[in-house]
Amino acid sequence: MKITGPYGPGPAAPGRPARTTTGGFAVSQGSGAGSAAPAQAASTTSGLSDVSALMALQGVESPTERRRRAVRRGGGLLDRLDELKLALLAGESGEASLERLSRSLREERPEDPDPALTGLLDQIDLRAAVELAKAEVRRNAA
């Protein structure tokens, strides 16, 4: 039994075994491989190259998208800092907020050619690192 993907050859041609389609996959109903093997191999190869091309396109990121991701990361860090501030003002330890802040700080930061944005993001990263260091000192003192 041979199973091909959803981009396999079209409907059964005369002289080829009948096929049934289930859930997007075609299942061969015969034992003869005949001349269908080269066509199936070619379509499989082209399907793989199509997937490779799509993956390559997804890896390409425009400067606008990098900037948007950098701003989103900076905004997320500011939100985590606000959560921590509110937790500390409420008299809580803020451990959950610290963990989220630490996780957000470890995220990869996209580079942006704009020096003003880079400087601002550096300041946000520094403030987050200072808050994490202060929390570590409090933990060690207790």
# chains A, B, ... in the order shown; residues from 1 in each chain; ligands from 1
call {"tool": "residues_around", "arguments": {"residues": "range 61-68 of chain A", "least_positions_apart": "5", "cutoff": "9 Å", "atoms": "only C-alpha atoms", "output": "number ranges by chain"}}
result
A: 73, 110-114, 117
call {"tool": "closest_residue", "arguments": {"among": "A:Arg103, A:Glu95, A:Ala70, A:Ala87", "to": "Arg138 in chain A", "atoms": "only C-alpha atoms"}}
result
A:Glu95
call {"tool": "closest_residue", "arguments": {"among": "A:Glu83, A:Leu89, A:Val130, A:Leu77", "to": "Leu105 in chain A", "atoms": "only C-alpha atoms"}}
result
A:Leu77
call {"tool": "atom_distance", "arguments": {"atom1": "CA of Lys85 in chain A", "atom2": "CA of Thr118 in chain A"}}
result
24.3 Å
call {"tool": "closest_residue", "arguments": {"among": "A:Glu92, A:Gly76, A:Ala142, A:Leu84", "to": "Glu107 in chain A", "atoms": "only C-alpha atoms"}}
result
A:Gly76
call {"tool": "atom_distance", "arguments": {"atom1": "CA of Val71 in chain A", "atom2": "CA of Leu98 in chain A"}}
result
20.6 Å
call {"tool": "atom_distance", "arguments": {"atom1": "CA of Gly119 in chain A", "atom2": "CA of Leu78 in chain A"}}
result
14.8 Å
